[in-house]
>>> print(open('final34.tsv').read())   # TSV, C-alpha atoms and all ligand atoms
chain	number	residue	atom	x	y	z
A	1	MET	CA	-64.89	-10.02	-94.80
A	2	PHE	CA	-65.95	-12.22	-91.94
A	3	ALA	CA	-63.85	-14.74	-90.10
A	4	CYS	CA	-64.60	-17.82	-88.08
A	5	GLY	CA	-65.32	-16.68	-84.53
A	6	ASP	CA	-66.80	-13.34	-85.53
A	7	ARG	CA	-69.78	-12.15	-83.53
A	8	VAL	CA	-72.53	-10.46	-85.47
A	9	GLN	CA	-75.93	-8.94	-84.93
A	10	VAL	CA	-78.55	-10.47	-87.17
A	11	ALA	CA	-81.76	-8.77	-88.27
A	12	ASP	CA	-84.78	-11.01	-88.78
A	13	THR	CA	-86.06	-10.88	-92.34
A	14	GLY	CA	-88.55	-13.73	-92.16
A	15	PRO	CA	-89.13	-17.15	-90.73
A	16	GLY	CA	-85.74	-18.80	-90.31
A	17	GLN	CA	-84.06	-16.03	-92.28
A	18	GLY	CA	-81.92	-13.09	-91.38
A	19	VAL	CA	-79.22	-10.79	-92.61
A	20	ILE	CA	-76.06	-9.73	-90.86
A	21	ASP	CA	-76.64	-6.25	-89.58
A	22	LYS	CA	-73.50	-5.48	-87.71
A	23	LEU	CA	-70.10	-6.95	-86.92
A	24	VAL	CA	-69.32	-6.78	-83.22
A	25	GLU	CA	-65.87	-5.33	-82.60
A	26	ARG	CA	-63.19	-8.05	-82.57
A	27	SER	CA	-60.96	-8.60	-79.57
A	28	SER	CA	-58.37	-10.27	-81.80
A	29	LEU	CA	-57.92	-11.18	-85.43
A	30	LEU	CA	-55.43	-13.70	-86.72
A	31	TYR	CA	-54.43	-13.85	-90.28
A	32	ARG	CA	-51.67	-14.96	-92.53
A	33	SER	CA	-50.65	-13.14	-95.63
A	34	ASP	CA	-48.28	-12.98	-98.53
A	35	ALA	CA	-47.82	-10.21	-101.08
A	36	TRP	CA	-51.05	-11.10	-102.83
A	37	ARG	CA	-53.49	-12.37	-100.27
A	38	GLN	CA	-54.54	-11.91	-96.71
A	39	LYS	CA	-56.36	-14.87	-95.28
A	40	LEU	CA	-58.41	-14.39	-92.13
A	41	ILE	CA	-57.97	-17.39	-89.89
A	42	ALA	CA	-60.04	-16.57	-86.82
A	43	ALA	CA	-61.54	-13.71	-84.87
A	44	ASN	CA	-61.92	-13.29	-81.11
A	45	ALA	CA	-59.57	-16.13	-80.19
A	46	THR	CA	-57.92	-15.72	-76.80
A	47	GLN	CA	-55.39	-18.53	-77.11
A	48	VAL	CA	-53.41	-20.16	-79.90
A	49	VAL	CA	-52.82	-23.88	-79.49
A	50	MET	CA	-50.03	-24.89	-81.79
A	51	VAL	CA	-49.93	-28.58	-82.58
A	52	VAL	CA	-46.65	-30.27	-83.45
A	53	ALA	CA	-45.91	-33.97	-83.47
A	54	THR	CA	-43.17	-36.53	-83.13
A	55	GLU	CA	-43.87	-37.43	-86.75
A	56	PRO	CA	-44.03	-36.20	-89.43
A	57	SER	CA	-41.35	-33.85	-88.26
A	58	PHE	CA	-42.40	-30.23	-87.79
A	59	SER	CA	-40.66	-27.04	-88.79
A	60	ASP	CA	-39.42	-24.81	-85.96
A	61	GLU	CA	-39.55	-21.91	-88.36
A	62	PHE	CA	-43.29	-22.57	-88.67
A	63	VAL	CA	-43.56	-22.53	-84.87
A	64	SER	CA	-41.74	-19.18	-84.76
A	65	ARG	CA	-44.10	-17.76	-87.37
A	66	CYS	CA	-47.18	-18.85	-85.44
A	67	LEU	CA	-45.71	-17.33	-82.29
A	68	CYS	CA	-45.26	-14.03	-84.14
A	69	ALA	CA	-48.87	-14.09	-85.30
A	70	ALA	CA	-50.10	-14.92	-81.79
A	71	GLU	CA	-47.85	-12.42	-79.99
A	72	SER	CA	-48.82	-9.64	-82.37
A	73	GLN	CA	-52.43	-10.12	-81.25
A	74	HIS	CA	-51.43	-10.50	-77.57
A	75	LEU	CA	-52.83	-14.02	-77.36
A	76	LYS	CA	-51.90	-16.77	-74.95
A	77	VAL	CA	-49.89	-19.56	-76.53
A	78	LEU	CA	-49.81	-23.26	-75.81
A	79	ILE	CA	-47.64	-25.69	-77.74
A	80	VAL	CA	-48.95	-29.25	-77.86
A	81	LEU	CA	-46.51	-32.02	-78.71
A	82	ASN	CA	-48.79	-34.74	-80.05
A	83	LYS	CA	-48.18	-38.43	-80.88
A	84	THR	CA	-45.98	-39.12	-77.87
A	85	ASP	CA	-47.03	-42.76	-78.32
A	86	ILE	CA	-44.56	-42.82	-81.24
A	87	PRO	CA	-41.26	-42.91	-79.38
A	88	ALA	CA	-38.97	-42.66	-82.40
A	89	GLY	CA	-39.26	-38.92	-82.92
A	90	LEU	CA	-39.76	-37.93	-79.30
A	91	ALA	CA	-36.21	-36.95	-78.29
A	92	ASP	CA	-35.70	-34.92	-81.43
A	93	ALA	CA	-39.04	-33.12	-81.05
A	94	ARG	CA	-38.29	-32.29	-77.43
A	95	SER	CA	-34.88	-30.91	-78.22
A	96	ARG	CA	-36.28	-28.73	-80.99
A	97	LEU	CA	-38.96	-27.40	-78.64
A	98	ALA	CA	-36.44	-26.67	-75.89
A	99	SER	CA	-35.69	-23.19	-77.14
A	100	PHE	CA	-39.39	-22.28	-77.02
A	101	VAL	CA	-39.61	-23.68	-73.50
A	102	ARG	CA	-36.68	-21.42	-72.54
A	103	LEU	CA	-38.66	-18.48	-73.90
A	104	GLY	CA	-41.41	-19.38	-71.46
A	105	TYR	CA	-43.90	-20.99	-73.81
A	106	PRO	CA	-45.68	-23.95	-72.19
A	107	VAL	CA	-45.40	-27.30	-73.96
A	108	LEU	CA	-47.95	-30.02	-73.24
A	109	GLU	CA	-47.07	-33.54	-74.33
A	110	LEU	CA	-49.88	-35.94	-75.16
A	111	SER	CA	-51.24	-38.52	-77.52
A	112	ALA	CA	-54.51	-37.56	-79.15
A	113	LEU	CA	-55.29	-41.26	-79.55
A	114	ASP	CA	-54.87	-41.88	-75.85
A	115	ASN	CA	-55.88	-39.11	-73.44
A	116	VAL	CA	-56.60	-35.42	-73.98
A	117	ASP	CA	-57.82	-34.51	-70.48
A	118	ALA	CA	-54.76	-32.39	-69.71
A	119	LEU	CA	-55.45	-30.31	-72.79
A	120	ARG	CA	-59.16	-30.09	-72.05
A	121	SER	CA	-58.50	-28.40	-68.75
A	122	LEU	CA	-56.28	-25.76	-70.43
A	123	LEU	CA	-59.10	-24.83	-72.82
A	124	VAL	CA	-61.71	-23.98	-70.20
A	125	GLY	CA	-62.98	-20.43	-70.59
A	126	GLU	CA	-60.75	-19.70	-73.60
A	127	THR	CA	-61.51	-19.46	-77.28
A	128	SER	CA	-58.65	-21.53	-78.59
A	129	LEU	CA	-57.44	-21.67	-82.15
A	130	LEU	CA	-55.76	-24.90	-83.16
A	131	VAL	CA	-53.04	-24.35	-85.74
A	132	GLY	CA	-50.42	-26.61	-87.16
A	133	GLN	CA	-48.88	-28.04	-90.27
A	134	SER	CA	-50.83	-30.78	-92.00
A	135	GLY	CA	-50.73	-34.18	-90.40
A	136	MET	CA	-49.84	-33.07	-86.86
A	137	GLY	CA	-53.20	-34.32	-85.58
A	138	LYS	CA	-55.43	-31.27	-85.23
A	139	SER	CA	-58.54	-33.06	-86.47
A	140	THR	CA	-57.82	-36.08	-84.28
A	141	LEU	CA	-57.49	-33.75	-81.28
A	142	THR	CA	-60.69	-31.92	-82.16
A	143	ASN	CA	-62.54	-35.21	-82.47
A	144	ALA	CA	-61.19	-36.40	-79.14
A	145	LEU	CA	-62.24	-33.17	-77.43
A	146	ILE	CA	-65.58	-32.79	-79.21
A	147	PRO	CA	-67.12	-36.13	-80.21
A	148	GLU	CA	-69.84	-34.46	-82.34
A	149	ALA	CA	-67.13	-32.91	-84.52
A	150	ARG	CA	-66.33	-36.25	-86.13
A	151	ALA	CA	-69.81	-36.72	-87.56
A	152	GLU	CA	-69.91	-33.14	-88.74
A	153	THR	CA	-66.60	-33.38	-90.56
A	154	ARG	CA	-67.80	-36.51	-92.31
A	155	GLU	CA	-71.10	-34.91	-93.31
A	156	ILE	CA	-69.42	-31.82	-94.65
A	157	SER	CA	-66.92	-33.85	-96.67
A	158	GLU	CA	-69.79	-35.82	-98.15
A	159	VAL	CA	-71.75	-32.71	-99.08
A	160	LEU	CA	-68.70	-31.06	-100.61
A	161	ASP	CA	-67.61	-34.37	-102.09
A	162	THR	CA	-64.00	-33.62	-101.28
A	163	GLY	CA	-63.37	-37.35	-101.03
A	164	LYS	CA	-61.18	-36.94	-97.97
A	165	HIS	CA	-61.89	-36.00	-94.42
A	166	THR	CA	-59.35	-33.29	-93.99
A	167	THR	CA	-60.22	-29.87	-92.70
A	168	THR	CA	-60.71	-27.32	-95.46
A	169	PHE	CA	-62.05	-24.38	-93.48
A	170	ALA	CA	-62.02	-23.11	-89.93
A	171	ARG	CA	-64.84	-24.18	-87.64
A	172	LEU	CA	-65.77	-23.07	-84.12
A	173	TYR	CA	-67.04	-25.70	-81.69
A	174	PRO	CA	-68.44	-24.72	-78.31
A	175	LEU	CA	-66.82	-26.64	-75.47
A	176	PRO	CA	-69.03	-28.27	-72.83
A	177	GLU	CA	-66.90	-26.72	-70.07
A	178	GLY	CA	-67.25	-23.22	-71.52
A	179	GLY	CA	-65.22	-21.51	-74.20
A	180	GLY	CA	-64.69	-22.78	-77.69
A	181	LEU	CA	-62.30	-24.48	-80.03
A	182	ILE	CA	-61.55	-23.36	-83.57
A	183	ASP	CA	-60.09	-26.01	-85.85
A	184	SER	CA	-58.31	-24.48	-88.82
A	185	PRO	CA	-57.11	-26.10	-92.03
A	186	GLY	CA	-53.61	-27.50	-91.96
A	187	MET	CA	-51.11	-25.12	-93.47
A	188	GLN	CA	-47.57	-25.38	-94.70
A	189	THR	CA	-46.76	-21.69	-94.79
A	190	PHE	CA	-47.60	-18.85	-92.49
A	191	GLY	CA	-46.87	-15.50	-94.12
A	192	LEU	CA	-46.57	-12.45	-91.92
A	193	VAL	CA	-46.57	-9.70	-94.53
A	194	HIS	CA	-49.34	-7.89	-92.63
A	195	LEU	CA	-46.92	-7.19	-89.76
A	196	ASP	CA	-44.91	-4.00	-90.10
A	197	ASN	CA	-41.29	-4.02	-88.94
A	198	GLU	CA	-42.09	-2.69	-85.49
A	199	ALA	CA	-44.88	-5.20	-84.88
A	200	LEU	CA	-42.70	-8.04	-86.14
A	201	GLU	CA	-39.85	-7.09	-83.83
A	202	ALA	CA	-42.18	-6.84	-80.84
A	203	SER	CA	-43.61	-10.27	-81.65
A	204	PHE	CA	-40.23	-11.83	-80.78
A	205	LYS	CA	-40.91	-11.48	-77.10
A	206	GLU	CA	-37.32	-12.00	-75.93
A	207	PHE	CA	-36.29	-8.94	-77.98
A	208	ARG	CA	-38.55	-6.59	-76.05
A	209	PRO	CA	-36.14	-5.80	-73.18
A	210	TYR	CA	-33.64	-4.54	-75.77
A	211	ALA	CA	-36.07	-2.25	-77.59
A	212	GLY	CA	-34.59	1.21	-77.98
A	213	GLN	CA	-31.17	0.09	-76.69
A	214	CYS	CA	-29.30	0.05	-80.01
A	215	ARG	CA	-26.85	2.89	-80.66
A	216	PHE	CA	-28.85	4.05	-83.66
A	217	ARG	CA	-32.52	4.67	-83.22
A	218	ASP	CA	-33.27	3.24	-86.68
A	219	CYS	CA	-30.96	0.24	-86.23
A	220	ARG	CA	-31.83	-2.67	-88.55
A	221	HIS	CA	-30.00	-5.14	-86.26
A	222	ASP	CA	-28.08	-6.15	-89.32
A	223	SER	CA	-24.52	-4.87	-89.34
A	224	GLU	CA	-24.70	-1.58	-87.44
A	225	PRO	CA	-22.23	-1.03	-84.59
A	226	GLY	CA	-23.71	-0.96	-81.12
A	227	CYS	CA	-26.69	-3.16	-81.95
A	228	ALA	CA	-28.19	-4.28	-78.66
A	229	LEU	CA	-29.84	-7.33	-80.19
A	230	ARG	CA	-26.68	-8.60	-81.88
A	231	GLU	CA	-24.69	-8.01	-78.72
A	232	ALA	CA	-27.32	-9.88	-76.71
A	233	ALA	CA	-27.02	-12.76	-79.18
A	234	GLU	CA	-23.23	-12.74	-78.83
A	235	ARG	CA	-23.59	-12.91	-75.04
A	236	GLY	CA	-26.03	-15.81	-75.48
A	237	GLU	CA	-28.94	-13.90	-73.94
A	238	ILE	CA	-31.01	-14.40	-77.07
A	239	GLU	CA	-30.61	-17.16	-79.61
A	240	GLY	CA	-28.79	-16.35	-82.82
A	241	ARG	CA	-31.21	-18.58	-84.64
A	242	ARG	CA	-34.18	-16.46	-83.55
A	243	LEU	CA	-32.40	-13.26	-84.56
A	244	ARG	CA	-31.70	-14.79	-87.99
A	245	GLN	CA	-35.34	-15.81	-88.26
A	246	PHE	CA	-36.40	-12.26	-87.44
A	247	LEU	CA	-34.13	-10.88	-90.19
A	248	GLN	CA	-35.44	-13.48	-92.63
A	249	PHE	CA	-39.11	-12.79	-91.82
A	250	ARG	CA	-38.53	-9.05	-92.04
A	251	ALA	CA	-36.89	-9.35	-95.46
A	252	GLU	CA	-39.79	-11.49	-96.60
A	253	CYS	CA	-42.35	-8.99	-95.28
A	254	GLU	CA	-40.57	-6.04	-96.86
A	255	ASN	CA	-40.36	-7.87	-100.20
A	256	GLY	CA	-44.02	-8.84	-99.95
A	257	ARG	CA	-45.07	-5.25	-99.33
A	258	ARG	CA	-42.91	-4.03	-102.21
A	259	GLN	CA	-44.43	-6.61	-104.55
A	260	ALA	CA	-47.93	-5.70	-103.39
A	261	GLN	CA	-47.23	-2.09	-104.30
A	262	GLY	CA	-46.06	-3.19	-107.72
A	263	TRP	CA	-42.40	-2.17	-107.41
A	301	LIG	N1	-49.88	-42.58	-83.37
A	301	LIG	C1	-50.63	-41.48	-83.35
A	301	LIG	N2	-51.19	-41.05	-84.48
A	301	LIG	C2	-51.93	-39.93	-84.45
A	301	LIG	C3	-52.14	-39.20	-83.24
A	301	LIG	N3	-52.91	-38.13	-83.52
A	301	LIG	C4	-53.18	-38.18	-84.85
A	301	LIG	N4	-52.59	-39.26	-85.41
A	301	LIG	C5	-52.64	-39.67	-86.82
A	301	LIG	O1	-51.97	-38.69	-87.61
A	301	LIG	C6	-52.60	-38.55	-88.89
A	301	LIG	C7	-52.94	-37.10	-89.14
A	301	LIG	O2	-53.90	-36.68	-88.20
A	301	LIG	P1	-55.00	-35.56	-88.52
A	301	LIG	O3	-55.79	-35.37	-87.26
A	301	LIG	O4	-55.73	-35.86	-89.77
A	301	LIG	O5	-54.04	-34.32	-88.78
A	301	LIG	P2	-54.42	-32.81	-89.09
A	301	LIG	O6	-53.44	-32.00	-88.36
A	301	LIG	O7	-55.84	-32.55	-88.84
A	301	LIG	O8	-54.11	-32.72	-90.64
A	301	LIG	P3	-54.88	-31.83	-91.74
A	301	LIG	O9	-56.28	-32.32	-91.82
A	301	LIG	O10	-54.09	-32.08	-92.98
A	301	LIG	O11	-54.82	-30.43	-91.26
A	301	LIG	C8	-53.82	-39.47	-88.85
A	301	LIG	O12	-53.48	-40.68	-89.50
A	301	LIG	C9	-54.05	-39.70	-87.37
A	301	LIG	O13	-54.66	-40.91	-87.09
A	301	LIG	C10	-51.53	-39.70	-82.04
A	301	LIG	O14	-51.62	-39.14	-80.94
A	301	LIG	N5	-50.77	-40.83	-82.17
A	302	ZN	ZN	-29.96	-3.14	-83.41
>>> encode(input="final34.tsv", output="structure tokens", more="lines below")
Ligand SMILES: Nc1nc2c(ncn2[C@@H]2O[C@H](COP(=O)(O)OP(=O)(O)OP(=O)(O)O)[C@@H](O)[C@H]2O)c(=O)[nH]1
Ligand SMILES: [Zn+2]
Amino acid sequence: MFACGDRVQVADTGPGQGVIDKLVERSSLLYRSDAWRQKLIAANATQVVMVVATEPSFSDEFVSRCLCAAESQHLKVLIVLNKTDIPAGLADARSRLASFVRLGYPVLELSALDNVDALRSLLVGETSLLVGQSGMGKSTLTNALIPEARAETREISEVLDTGKHTTTFARLYPLPEGGGLIDSPGMQTFGLVHLDNEALEASFKEFRPYAGQCRFRDCRHDSEPGCALREAAERGEIEGRRLRQFLQFRAECENGRRQAQGW
């Protein structure tokens, strides 16, 4: 299986023709998965740019899931709060992003319809994957950053006769300043079944200082006495909400793996 962003060696087989000979080793691979399917999103990305907006309202659980996927591949993360020209949802969006800011994730506010220069400068030299729920403005951002993308999207929609100009597959655009931008289809879910329990726990970066500190080595951070993570949450050092999300994602991943094995 190949993913958008893969590098390959191609052998010439004739004029204008070739076959893929070899897949060059990937520096990163992002995918989402449930019990039944793994979907490759992008290979060799160095940065995940997560787009949220003032409206429609975004899910912070979705943001946490994307962070897990990005952290598990050791990628840089940038959160973009788009549509700041719509003031109604701004205060709410900011307050829901505050906990990610406290974790150290950068948030860039902008309006894709107005000015994307601040974002452009953060993409230089990176291969950035744009992710987000539908309607957050990924395509609008891509078009603002890469004017040729607009025509291409229209052409592809016409060829495929999809009747709408929404993104249906990931696409890598080279950036004039160096690096590239991968626009991925909007998604409403982001399954993490491919992450084992250890990888999932490590992908909550604020948990890392507590790794190995629980009384029991195989602590599930659930109801065991002497759980370093639960104690940290009680002291307010980590957010209870994030710990609950971790337990929820882990249950989902364990169920997914059980289903996949036909239990
Ligand atoms: N007011 C305002 N509207 C915006 C902005 N950016 C995007 N929009 C609008 O939001 C809607 C959704 O934008 P898209 O770029 O299609 O969103 P998307 O994330 O690509 O959605 P999918 O194709 O479903 O993945 C469109 O009507 C855009 O015109 C912005 O900065 N301000
Ligand atoms: Zn514990």
>>> closest_atom_pairs(input="final34.tsv", of="chain A", to="ligand ZN 302 (chain A)", cutoff="10 Å", atoms="all atoms listed in the file", output="Markdown table")
| residue | atom | partner | partner_atom | distance |
| --- | --- | --- | --- | --- |
| A:Tyr210 | CA | A:ZN302 | ZN | 8.6 |
| A:Ala211 | CA | A:ZN302 | ZN | 8.5 |
| A:Gly212 | CA | A:ZN302 | ZN | 8.4 |
| A:Gln213 | CA | A:ZN302 | ZN | 7.6 |
| A:Cys214 | CA | A:ZN302 | ZN | 4.7 |
| A:Arg215 | CA | A:ZN302 | ZN | 7.3 |
| A:Phe216 | CA | A:ZN302 | ZN | 7.3 |
| A:Arg217 | CA | A:ZN302 | ZN | 8.2 |
| A:Asp218 | CA | A:ZN302 | ZN | 7.9 |
| A:Cys219 | CA | A:ZN302 | ZN | 4.5 |
| A:Arg220 | CA | A:ZN302 | ZN | 5.5 |
| A:His221 | CA | A:ZN302 | ZN | 3.5 |
| A:Asp222 | CA | A:ZN302 | ZN | 6.9 |
| A:Ser223 | CA | A:ZN302 | ZN | 8.2 |
| A:Glu224 | CA | A:ZN302 | ZN | 6.8 |
| A:Pro225 | CA | A:ZN302 | ZN | 8.1 |
| A:Gly226 | CA | A:ZN302 | ZN | 7.0 |
| A:Cys227 | CA | A:ZN302 | ZN | 3.6 |
| A:Ala228 | CA | A:ZN302 | ZN | 5.2 |
| A:Leu229 | CA | A:ZN302 | ZN | 5.3 |
| A:Arg230 | CA | A:ZN302 | ZN | 6.6 |
| A:Glu231 | CA | A:ZN302 | ZN | 8.6 |
| A:Ala232 | CA | A:ZN302 | ZN | 9.9 |
>>> residues_near_ligand(input="final34.tsv", ligand="ligand LIG 301 (chain A)", cutoff="10 Å", atoms="only C-alpha atoms and all ligand atoms", output="number ranges by chain")
A: 51-56, 81-87, 109-116, 130-144, 164-169, 183-188
>>> closest_residue(input="final34.tsv", among="A:Leu40, A:His74, A:Ala170, A:Leu175", to="Ser121 of chain A", atoms="all atoms listed in the file")
A:Leu175
>>> closest_atom_pairs(input="final34.tsv", of="segment 39-101 of chain A", to="segment 15-31 of chain A", cutoff="9 Å", atoms="all atoms listed in the file", output="CSV")
residue,atom,partner,partner_atom,distance
A:Lys39,CA,A:Tyr31,CA,5.5
A:Leu40,CA,A:Tyr31,CA,4.4
A:Ile41,CA,A:Tyr31,CA,5.0
A:Ala42,CA,A:Leu30,CA,5.4
A:Ala43,CA,A:Leu29,CA,4.5
A:Asn44,CA,A:Ser28,CA,4.7
A:Ala45,CA,A:Ser28,CA,6.2
A:Thr46,CA,A:Ser28,CA,7.4
A:Ala69,CA,A:Leu30,CA,6.7
A:Ala70,CA,A:Leu30,CA,7.4
A:Ser72,CA,A:Leu30,CA,8.9
A:Gln73,CA,A:Ser28,CA,6.0
A:His74,CA,A:Ser28,CA,8.1
A:Leu75,CA,A:Ser28,CA,8.0
>>> residues_around(input="final34.tsv", residues="segment 244-257 of chain A", least_positions_apart="3", cutoff="12 Å", atoms="all atoms listed in the file", output="MDAnalysis selection string")
chainID A and resid 32:38 60:69 190:207 220:223 229:230 233 238:241 260:263
>>> residues_near_point(input="final34.tsv", point="(-36.7, -14.9, -71.9)", cutoff="10 Å", atoms="all atoms listed in the file", output="list of chain:residue names")
A:Ser99, A:Phe100, A:Val101, A:Arg102, A:Leu103, A:Gly104, A:Tyr105, A:Lys205, A:Glu206, A:Phe207, A:Arg208, A:Pro209, A:Glu237, A:Ile238
>>> atom_distance(input="final34.tsv", atom1="atom CA of Phe58 of chain A", atom2="atom CA of Ala118 of chain A")
22.0 Å
>>> closest_residue(input="final34.tsv", among="A:Leu243, A:Met1, A:Ile146, A:Leu129", to="Val48 of chain A", atoms="all atoms listed in the file")
A:Leu129
>>> atom_distance(input="final34.tsv", atom1="atom CA of Ser95 of chain A", atom2="atom CA of Val77 of chain A")
18.9 Å
>>> decode(input="final34.tsv", residues="segment 176-242 of chain A", atoms="C-alpha atoms", output="compact mmCIF listing (two decimals), in the first residue's frame")
# COMPACT_ATOMS: atom_id res chain seq x y z
CA PRO A 176 7.29 27.70 -3.51
CA GLU A 177 9.35 28.40 -0.37
CA GLY A 178 10.40 24.77 -0.04
CA GLY A 179 8.64 21.89 1.64
CA GLY A 180 5.17 20.68 0.85
CA LEU A 181 1.58 20.68 1.93
CA ILE A 182 -0.66 17.62 2.03
CA ASP A 183 -4.38 18.32 2.00
CA SER A 184 -6.37 15.37 3.31
CA PRO A 185 -10.09 14.67 3.09
CA GLY A 186 -12.19 16.04 5.92
CA MET A 187 -12.91 13.42 8.53
CA GLN A 188 -15.33 13.08 11.38
CA THR A 189 -13.63 10.24 13.20
CA PHE A 190 -10.02 9.45 13.87
CA GLY A 191 -9.60 5.89 15.11
CA LEU A 192 -6.39 4.96 16.87
CA VAL A 193 -6.73 1.19 17.00
CA HIS A 194 -3.25 0.81 15.49
CA LEU A 195 -1.70 2.26 18.66
CA ASP A 196 -0.93 -0.27 21.37
CA ASN A 197 -1.50 0.73 25.00
CA GLU A 198 2.07 1.83 25.55
CA ALA A 199 2.18 3.97 22.39
CA LEU A 200 -1.19 5.50 23.23
CA GLU A 201 -0.08 6.43 26.73
CA ALA A 202 3.15 7.98 25.44
CA SER A 203 1.18 10.00 22.90
CA PHE A 204 -0.39 11.99 25.77
CA LYS A 205 2.75 14.01 26.20
CA GLU A 206 1.92 15.41 29.65
CA PHE A 207 1.76 11.81 30.97
CA ARG A 208 5.37 11.07 30.09
CA PRO A 209 6.96 12.46 33.28
CA TYR A 210 4.82 10.02 35.29
CA ALA A 211 5.74 6.93 33.26
CA GLY A 212 6.83 4.12 35.55
CA GLN A 213 5.81 6.04 38.70
CA CYS A 214 2.65 4.09 39.54
CA ARG A 215 2.83 1.66 42.46
CA PHE A 216 2.07 -1.27 40.19
CA ARG A 217 4.17 -1.73 37.11
CA ASP A 218 1.13 -2.88 35.10
CA CYS A 219 -1.13 -0.11 36.46
CA ARG A 220 -4.13 0.60 34.19
CA HIS A 221 -4.57 4.08 35.73
CA ASP A 222 -8.11 3.04 36.40
CA SER A 223 -8.78 2.29 40.05
CA GLU A 224 -5.47 0.95 41.35
CA PRO A 225 -4.04 2.51 44.53
CA GLY A 226 -0.90 4.55 44.08
CA CYS A 227 -1.60 5.51 40.48
CA ALA A 228 0.75 8.36 39.62
CA LEU A 229 -1.45 9.63 36.80
CA ARG A 230 -4.62 9.75 38.89
CA GLU A 231 -2.76 11.44 41.72
CA ALA A 232 -1.33 13.97 39.27
CA ALA A 233 -4.87 14.64 38.05
CA GLU A 234 -6.08 15.11 41.63
CA ARG A 235 -3.28 17.62 42.23
CA GLY A 236 -4.29 19.41 39.02
CA GLU A 237 -0.96 18.70 37.30
CA ILE A 238 -2.72 16.96 34.44
CA GLU A 239 -6.28 17.51 33.33
CA GLY A 240 -8.87 14.97 34.41
CA ARG A 241 -10.51 15.37 31.05
CA ARG A 242 -7.37 14.22 29.23
